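Novice: Pasting in a structure now, in structure tokens, and then I'll have a few things to ask.
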Amino acid sequence: MNVSLEKLAENYHNVLKRIHHAAEQAGRDPMDVKLVAVTKYVDDSVVRSLYQLGCRNFGENRPQVLWEKADKLSDCDISWHMIGHLQTNKVKRSLPMIYLLHAGDSLKLLNAVNREANAKGVVADVLCEVNISGDGSKHGFSPDSMADSLTEISQMQNVRVKGLMAMASLTGGTERAGEDFEKLRRLRDQLQQVVPDNVSLSELSMGMSGDFEQAIDHGATLVRVGSVLYQ
Ligand SMILES: *Cc1c(COP(=O)(O)O)cnc(C)c1O
């Protein structure tokens, strides 16, 4: 996507304004909602422009692209969010660049993250991706298995769970999306009662360009917004 600097600035400030407004409408503190600017549509020069506008949290969904961008922008103080599926064989190279792994979608992956974090002497912050809509992405924990899985993940010394992530159904429009967001929030509230004390589920990563305001209304703390920034 090609976007002028003027337009990018206008879009960025507009999204921030909309986030602020949606939080206030929901009776929430706007500071509790963070914009993760999704950069999969643009090259590193556009990411740098957003950085210069003040954006610090960026999301990529492909590991190789994350490596390239993180490398080209290594002089910037960026928090990179991995929002797409991470194959276990890419954990080693990706982990040092990732501030928060949103797509913690299986025990196999999280075990690999735990091993690698242990080897590096770090603790990896992750969200567990929940397959809330039942359609679209085949990645993620089923809502029914999440409690047992969290108990297992809580025993991984070098993985720290911060919350849940989900993609809304691709069909059914914003109404269906709202239902999915509410499902994720309810699941989080239920799980919080039963999970071990060292598991915090304070973060909810949900909402994209078409529905981030709704997601905020349902409790999102991280909204992953891409396309509206570059239109
Ligand atoms: C692309 C992507 C987004 C952003 O979607 P937009 O509709 O462009 O805002 C959010 N989350 C994930 C996981 C993505 O892959």
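Within each chain, counting starts at residue 1; across the structure tokens, chains are named A, B, ... in the order shown, with ligands numbered 1 upward in that order.
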Write out as a VMD selection string each polymer residue (protein, DNA or RNA) that has an atom no more than 10 Å from ligand 1, with only C-alpha atoms and all ligand atoms counted.
Specialist: chain A and resid 36 to 41 59 to 62 82 to 85 102 to 103 129 137 165 to 168 205 to 212 223 to 230
Novice: Save the residues we just selected, C-alpha atoms, as a PDB file, in the first residue's frame?
Specialist:
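Final file, again.pdb:
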```pdb
ATOM      1  CA  VAL A  36      -0.830  -2.169  17.918  1.00  0.00           C
ATOM      2  CA  ALA A  37      -0.215  -0.852  14.400  1.00  0.00           C
ATOM      3  CA  VAL A  38      -0.249  -3.830  12.061  1.00  0.00           C
ATOM      4  CA  THR A  39       2.483  -3.390   9.458  1.00  0.00           C
ATOM      5  CA  LYS A  40       2.022  -6.403   7.183  1.00  0.00           C
ATOM      6  CA  TYR A  41       0.785  -4.186   4.333  1.00  0.00           C
ATOM      7  CA  GLY A  59       2.378  -6.016  14.873  1.00  0.00           C
ATOM      8  CA  GLU A  60       3.581  -8.448  12.210  1.00  0.00           C
ATOM      9  CA  ASN A  61       2.069 -11.773  11.277  1.00  0.00           C
ATOM     10  CA  ARG A  62       4.944 -13.429   9.432  1.00  0.00           C
ATOM     11  CA  MET A  82       3.882 -11.260  16.849  1.00  0.00           C
ATOM     12  CA  ILE A  83       0.250 -11.557  15.813  1.00  0.00           C
ATOM     13  CA  GLY A  84       0.419 -14.459  13.368  1.00  0.00           C
ATOM     14  CA  HIS A  85       1.175 -18.147  13.658  1.00  0.00           C
ATOM     15  CA  HIS A 102      -0.162 -12.749  20.674  1.00  0.00           C
ATOM     16  CA  ALA A 103      -0.411 -16.005  18.764  1.00  0.00           C
ATOM     17  CA  GLU A 129      -4.922 -17.435  21.168  1.00  0.00           C
ATOM     18  CA  SER A 137      -8.435 -19.540  11.485  1.00  0.00           C
ATOM     19  CA  MET A 165      -6.169 -13.107  21.963  1.00  0.00           C
ATOM     20  CA  ALA A 166      -8.817 -13.884  19.374  1.00  0.00           C
ATOM     21  CA  MET A 167      -9.875 -13.204  15.833  1.00  0.00           C
ATOM     22  CA  ALA A 168     -13.575 -12.492  15.346  1.00  0.00           C
ATOM     23  CA  SER A 205      -6.092  -8.638  22.229  1.00  0.00           C
ATOM     24  CA  MET A 206      -9.090  -8.282  19.949  1.00  0.00           C
ATOM     25  CA  GLY A 207     -10.448  -5.917  17.329  1.00  0.00           C
ATOM     26  CA  MET A 208      -9.139  -4.889  13.920  1.00  0.00           C
ATOM     27  CA  SER A 209      -9.821  -2.030  11.488  1.00  0.00           C
ATOM     28  CA  GLY A 210     -13.485  -2.862  10.990  1.00  0.00           C
ATOM     29  CA  ASP A 211     -14.443  -3.482  14.594  1.00  0.00           C
ATOM     30  CA  PHE A 212     -11.896  -2.117  17.064  1.00  0.00           C
ATOM     31  CA  VAL A 223      -6.373  -3.500  19.302  1.00  0.00           C
ATOM     32  CA  ARG A 224      -4.573  -4.732  16.184  1.00  0.00           C
ATOM     33  CA  VAL A 225      -5.264  -2.154  13.523  1.00  0.00           C
ATOM     34  CA  GLY A 226      -3.803  -2.230  10.017  1.00  0.00           C
ATOM     35  CA  SER A 227      -5.653  -1.232   6.884  1.00  0.00           C
ATOM     36  CA  VAL A 228      -7.373   1.950   8.090  1.00  0.00           C
ATOM     37  CA  LEU A 229      -3.946   3.417   8.787  1.00  0.00           C
ATOM     38  CA  TYR A 230      -2.898   3.165   5.157  1.00  0.00           C
TER      39      TYR A 230
END
```
Novice: Run DSSP on the backbone of this structure and report the residues of range 32-219 of chain A it assigns to alpha helix (DSSP H), as a short mmCIF file (atom, residue, chain, number, x, y, z; two decimals) with N, CA, C and O atoms, in the first residue's frame.
Specialist:
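Final file, result_38.cif:
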```cif
data_model
loop_
_atom_site.label_atom_id
_atom_site.label_comp_id
_atom_site.auth_asym_id
_atom_site.auth_seq_id
_atom_site.Cartn_x
_atom_site.Cartn_y
_atom_site.Cartn_z
N ASP A 44 9.30 -1.09 5.62
CA ASP A 44 9.88 -0.52 6.84
C ASP A 44 9.88 1.02 6.84
O ASP A 44 9.88 1.63 7.90
N SER A 45 9.87 1.65 5.66
CA SER A 45 9.89 3.12 5.64
C SER A 45 8.58 3.68 6.20
O SER A 45 8.59 4.72 6.88
N VAL A 46 7.48 3.00 5.95
CA VAL A 46 6.20 3.46 6.49
C VAL A 46 6.16 3.22 8.01
O VAL A 46 5.65 4.03 8.78
N VAL A 47 6.75 2.09 8.44
CA VAL A 47 6.83 1.82 9.88
C VAL A 47 7.64 2.93 10.56
O VAL A 47 7.26 3.45 11.61
N ARG A 48 8.71 3.33 9.90
CA ARG A 48 9.55 4.40 10.47
C ARG A 48 8.78 5.72 10.56
O ARG A 48 8.90 6.46 11.55
N SER A 49 7.97 5.98 9.56
CA SER A 49 7.15 7.21 9.60
C SER A 49 6.17 7.16 10.77
O SER A 49 5.99 8.15 11.48
N LEU A 50 5.54 6.01 10.97
CA LEU A 50 4.61 5.87 12.10
C LEU A 50 5.36 6.03 13.43
O LEU A 50 4.86 6.63 14.37
N TYR A 51 6.55 5.49 13.46
CA TYR A 51 7.39 5.61 14.66
C TYR A 51 7.66 7.09 14.95
O TYR A 51 7.58 7.54 16.10
N GLN A 52 7.97 7.83 13.88
CA GLN A 52 8.26 9.26 14.05
C GLN A 52 7.02 10.04 14.48
O GLN A 52 7.14 11.09 15.10
N PRO A 63 6.91 -14.37 10.53
CA PRO A 63 8.21 -14.29 11.19
C PRO A 63 9.32 -13.70 10.31
O PRO A 63 10.05 -12.82 10.77
N GLN A 64 9.42 -14.16 9.07
CA GLN A 64 10.51 -13.67 8.22
C GLN A 64 10.44 -12.16 8.02
O GLN A 64 11.47 -11.48 8.00
N VAL A 65 9.22 -11.66 7.86
CA VAL A 65 9.04 -10.22 7.66
C VAL A 65 9.38 -9.47 8.95
O VAL A 65 9.98 -8.39 8.93
N LEU A 66 9.00 -10.07 10.07
CA LEU A 66 9.36 -9.47 11.36
C LEU A 66 10.88 -9.35 11.49
O LEU A 66 11.40 -8.31 11.89
N TRP A 67 11.59 -10.41 11.12
CA TRP A 67 13.06 -10.38 11.23
C TRP A 67 13.63 -9.23 10.40
O TRP A 67 14.46 -8.46 10.88
N GLU A 68 13.13 -9.12 9.14
CA GLU A 68 13.64 -8.08 8.25
C GLU A 68 13.35 -6.69 8.79
O GLU A 68 14.23 -5.82 8.83
N LYS A 69 12.11 -6.48 9.21
CA LYS A 69 11.74 -5.14 9.67
C LYS A 69 12.45 -4.79 10.98
O LYS A 69 12.94 -3.67 11.16
N ALA A 70 12.51 -5.76 11.89
CA ALA A 70 13.16 -5.50 13.18
C ALA A 70 14.63 -5.15 12.94
O ALA A 70 15.20 -4.28 13.61
N ASP A 71 15.22 -5.80 11.95
CA ASP A 71 16.62 -5.54 11.63
C ASP A 71 16.80 -4.13 11.05
O ASP A 71 17.66 -3.36 11.48
N LYS A 72 15.93 -3.77 10.10
CA LYS A 72 16.05 -2.45 9.46
C LYS A 72 15.72 -1.31 10.41
O LYS A 72 16.12 -0.17 10.19
N VAL A 91 11.05 -20.19 16.33
CA VAL A 91 11.01 -19.61 17.67
C VAL A 91 12.36 -19.02 18.05
O VAL A 91 12.46 -17.90 18.55
N LYS A 92 13.42 -19.79 17.79
CA LYS A 92 14.75 -19.41 18.25
C LYS A 92 15.14 -18.03 17.71
O LYS A 92 15.57 -17.15 18.45
N ARG A 93 14.96 -17.86 16.41
CA ARG A 93 15.36 -16.60 15.79
C ARG A 93 14.41 -15.45 16.13
O ARG A 93 14.82 -14.28 16.21
N SER A 94 13.13 -15.77 16.32
CA SER A 94 12.13 -14.71 16.52
C SER A 94 12.11 -14.18 17.95
O SER A 94 11.88 -12.98 18.18
N LEU A 107 0.10 -25.86 22.85
CA LEU A 107 1.06 -26.25 23.89
C LEU A 107 2.41 -26.54 23.26
O LEU A 107 3.45 -26.26 23.85
N LYS A 108 2.38 -27.10 22.06
CA LYS A 108 3.63 -27.43 21.37
C LYS A 108 4.46 -26.16 21.16
O LYS A 108 5.66 -26.13 21.47
N LEU A 109 3.81 -25.11 20.66
CA LEU A 109 4.52 -23.85 20.44
C LEU A 109 5.01 -23.26 21.77
O LEU A 109 6.16 -22.85 21.90
N LEU A 110 4.15 -23.24 22.77
CA LEU A 110 4.53 -22.62 24.03
C LEU A 110 5.63 -23.41 24.74
O LEU A 110 6.48 -22.82 25.41
N ASN A 111 5.63 -24.72 24.56
CA ASN A 111 6.75 -25.52 25.09
C ASN A 111 8.05 -25.13 24.41
O ASN A 111 9.10 -25.02 25.07
N ALA A 112 7.99 -24.92 23.11
CA ALA A 112 9.19 -24.52 22.38
C ALA A 112 9.66 -23.13 22.82
O ALA A 112 10.86 -22.88 22.99
N VAL A 113 8.70 -22.23 23.04
CA VAL A 113 9.03 -20.88 23.51
C VAL A 113 9.67 -20.97 24.91
O VAL A 113 10.67 -20.31 25.20
N ASN A 114 9.10 -21.83 25.74
CA ASN A 114 9.61 -22.00 27.10
C ASN A 114 11.06 -22.50 27.10
O ASN A 114 11.93 -21.97 27.81
N ARG A 115 11.31 -23.49 26.26
CA ARG A 115 12.68 -24.05 26.16
C ARG A 115 13.67 -22.99 25.70
O ARG A 115 14.75 -22.85 26.26
N GLU A 116 13.27 -22.25 24.66
CA GLU A 116 14.18 -21.26 24.10
C GLU A 116 14.40 -20.10 25.08
O GLU A 116 15.52 -19.61 25.24
N ALA A 117 13.35 -19.67 25.74
CA ALA A 117 13.46 -18.60 26.73
C ALA A 117 14.36 -19.05 27.87
O ALA A 117 15.20 -18.28 28.37
N ASN A 118 14.21 -20.29 28.26
CA ASN A 118 15.04 -20.85 29.32
C ASN A 118 16.51 -20.84 28.91
O ASN A 118 17.39 -20.45 29.69
N ALA A 119 16.77 -21.25 27.67
CA ALA A 119 18.15 -21.29 27.18
C ALA A 119 18.76 -19.89 27.16
O ALA A 119 19.97 -19.72 27.37
N LYS A 120 17.93 -18.89 26.91
CA LYS A 120 18.43 -17.51 26.83
C LYS A 120 18.37 -16.80 28.19
O LYS A 120 18.80 -15.66 28.32
N MET A 146 -9.18 -24.47 27.34
CA MET A 146 -8.30 -23.39 27.79
C MET A 146 -7.91 -23.49 29.27
O MET A 146 -6.77 -23.23 29.63
N ALA A 147 -8.85 -23.91 30.11
CA ALA A 147 -8.54 -23.98 31.55
C ALA A 147 -7.44 -25.00 31.82
O ALA A 147 -6.46 -24.70 32.53
N ASP A 148 -7.58 -26.20 31.25
CA ASP A 148 -6.57 -27.24 31.44
C ASP A 148 -5.23 -26.80 30.84
O ASP A 148 -4.16 -27.01 31.44
N SER A 149 -5.29 -26.20 29.66
CA SER A 149 -4.06 -25.77 29.01
C SER A 149 -3.35 -24.70 29.83
O SER A 149 -2.13 -24.71 29.97
N LEU A 150 -4.13 -23.79 30.40
CA LEU A 150 -3.51 -22.73 31.21
C LEU A 150 -2.82 -23.30 32.44
O LEU A 150 -1.78 -22.79 32.88
N THR A 151 -3.40 -24.35 33.01
CA THR A 151 -2.76 -24.99 34.15
C THR A 151 -1.39 -25.54 33.73
O THR A 151 -0.40 -25.39 34.46
N GLU A 152 -1.36 -26.14 32.56
CA GLU A 152 -0.10 -26.68 32.05
C GLU A 152 0.91 -25.56 31.75
O GLU A 152 2.08 -25.65 32.10
N ILE A 153 0.42 -24.51 31.10
CA ILE A 153 1.30 -23.40 30.73
C ILE A 153 1.85 -22.70 31.97
O ILE A 153 2.99 -22.23 31.99
N GLY A 173 -20.29 -9.96 9.92
CA GLY A 173 -20.18 -8.52 10.15
C GLY A 173 -19.89 -8.13 11.59
O GLY A 173 -19.49 -8.97 12.41
N THR A 174 -20.13 -6.86 11.89
CA THR A 174 -19.74 -6.34 13.20
C THR A 174 -20.62 -6.88 14.32
O THR A 174 -20.19 -6.95 15.46
N GLU A 175 -21.84 -7.28 13.96
CA GLU A 175 -22.72 -7.82 15.00
C GLU A 175 -22.15 -9.13 15.55
O GLU A 175 -22.05 -9.33 16.76
N ARG A 176 -21.78 -10.00 14.61
CA ARG A 176 -21.17 -11.28 15.00
C ARG A 176 -19.84 -11.04 15.71
O ARG A 176 -19.51 -11.72 16.69
N ALA A 177 -19.09 -10.07 15.24
CA ALA A 177 -17.80 -9.76 15.88
C ALA A 177 -18.02 -9.38 17.34
O ALA A 177 -17.31 -9.84 18.23
N GLY A 178 -19.04 -8.57 17.57
CA GLY A 178 -19.35 -8.16 18.94
C GLY A 178 -19.65 -9.36 19.83
O GLY A 178 -19.22 -9.42 20.98
N GLU A 179 -20.37 -10.33 19.28
CA GLU A 179 -20.66 -11.55 20.05
C GLU A 179 -19.38 -12.32 20.37
O GLU A 179 -19.21 -12.84 21.48
N ASP A 180 -18.50 -12.39 19.39
CA ASP A 180 -17.23 -13.10 19.62
C ASP A 180 -16.39 -12.39 20.70
O ASP A 180 -15.79 -13.04 21.55
N PHE A 181 -16.35 -11.07 20.63
CA PHE A 181 -15.57 -10.32 21.64
C PHE A 181 -16.14 -10.55 23.03
O PHE A 181 -15.40 -10.73 24.00
N GLU A 182 -17.46 -10.56 23.13
CA GLU A 182 -18.10 -10.77 24.42
C GLU A 182 -17.80 -12.19 24.94
O GLU A 182 -17.56 -12.38 26.13
N LYS A 183 -17.78 -13.16 24.00
CA LYS A 183 -17.44 -14.54 24.38
C LYS A 183 -16.04 -14.61 24.96
O LYS A 183 -15.80 -15.29 25.96
N LEU A 184 -15.11 -13.91 24.32
CA LEU A 184 -13.72 -13.95 24.80
C LEU A 184 -13.63 -13.30 26.18
O LEU A 184 -12.96 -13.80 27.07
N ARG A 185 -14.32 -12.18 26.35
CA ARG A 185 -14.27 -11.51 27.63
C ARG A 185 -14.86 -12.39 28.75
O ARG A 185 -14.31 -12.51 29.84
N ARG A 186 -15.98 -13.03 28.46
CA ARG A 186 -16.62 -13.91 29.45
C ARG A 186 -15.71 -15.08 29.79
O ARG A 186 -15.59 -15.47 30.95
N LEU A 187 -15.10 -15.66 28.75
CA LEU A 187 -14.18 -16.78 28.96
C LEU A 187 -13.05 -16.34 29.87
O LEU A 187 -12.68 -17.04 30.82
N ARG A 188 -12.50 -15.16 29.60
CA ARG A 188 -11.42 -14.64 30.42
C ARG A 188 -11.87 -14.49 31.89
O ARG A 188 -11.17 -14.90 32.82
N ASP A 189 -13.06 -13.93 32.07
CA ASP A 189 -13.56 -13.71 33.42
C ASP A 189 -13.74 -15.04 34.16
O ASP A 189 -13.43 -15.15 35.35
N GLN A 190 -14.23 -16.05 33.43
CA GLN A 190 -14.40 -17.38 34.05
C GLN A 190 -13.05 -18.00 34.39
O GLN A 190 -12.85 -18.53 35.49
N LEU A 191 -12.14 -17.93 33.42
CA LEU A 191 -10.83 -18.56 33.62
C LEU A 191 -10.08 -17.92 34.78
O LEU A 191 -9.40 -18.60 35.55
N GLN A 192 -10.22 -16.61 34.89
CA GLN A 192 -9.50 -15.89 35.94
C GLN A 192 -9.83 -16.46 37.33
O GLN A 192 -9.00 -16.44 38.23
N GLN A 193 -11.05 -17.02 37.48
CA GLN A 193 -11.45 -17.61 38.77
C GLN A 193 -10.73 -18.92 39.06
O GLN A 193 -10.58 -19.30 40.22
N VAL A 194 -10.34 -19.63 38.01
CA VAL A 194 -9.86 -21.01 38.22
C VAL A 194 -8.37 -21.21 37.94
O VAL A 194 -7.82 -22.24 38.32
N PHE A 212 -12.67 -2.32 15.83
CA PHE A 212 -11.90 -2.12 17.06
C PHE A 212 -12.68 -1.35 18.12
O PHE A 212 -12.46 -1.54 19.32
N GLU A 213 -13.61 -0.50 17.68
CA GLU A 213 -14.38 0.24 18.69
C GLU A 213 -15.30 -0.70 19.48
O GLU A 213 -15.44 -0.57 20.69
N GLN A 214 -15.87 -1.65 18.76
CA GLN A 214 -16.69 -2.66 19.43
C GLN A 214 -15.86 -3.49 20.40
O GLN A 214 -16.29 -3.82 21.49
N ALA A 215 -14.67 -3.85 19.94
CA ALA A 215 -13.78 -4.65 20.79
C ALA A 215 -13.46 -3.90 22.08
O ALA A 215 -13.44 -4.48 23.17
N ILE A 216 -13.24 -2.61 21.95
CA ILE A 216 -12.96 -1.79 23.14
C ILE A 216 -14.17 -1.78 24.07
O ILE A 216 -14.05 -1.88 25.29
N ASP A 217 -15.34 -1.70 23.47
CA ASP A 217 -16.58 -1.74 24.26
C ASP A 217 -16.67 -3.04 25.06
O ASP A 217 -17.21 -3.07 26.16
#
```
Novice: Find the distance between CA of Lys7 in chain A and CA of Asp43 in chain A and write it in Å to one decimal.
Specialist: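 These two atoms are separated by 16.1 Å.
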Novice: Among range 25-231 of chain A, which ones does DSSP place in strand (DSSP E or B), written as a ChimeraX atom specification?
Specialist: /A:34-38,57-60,79-82,98-104,124-130,141,159-165,203-205,222-225
Novice: Rounded to one decimal place, report the CA of Val42 in chain A-CA of Arg56 in chain A distance in Å.
Specialist: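 Value for the CA of Val42 in chain A-CA of Arg56 in chain A distance: 15.8 Å.
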Novice: Just give me the gap between CA of His13 in chain A and CA of Val33 in chain A in Å, one decimal is fine.
Specialist: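 That distance, rounded to one decimal, is 14.8 Å.
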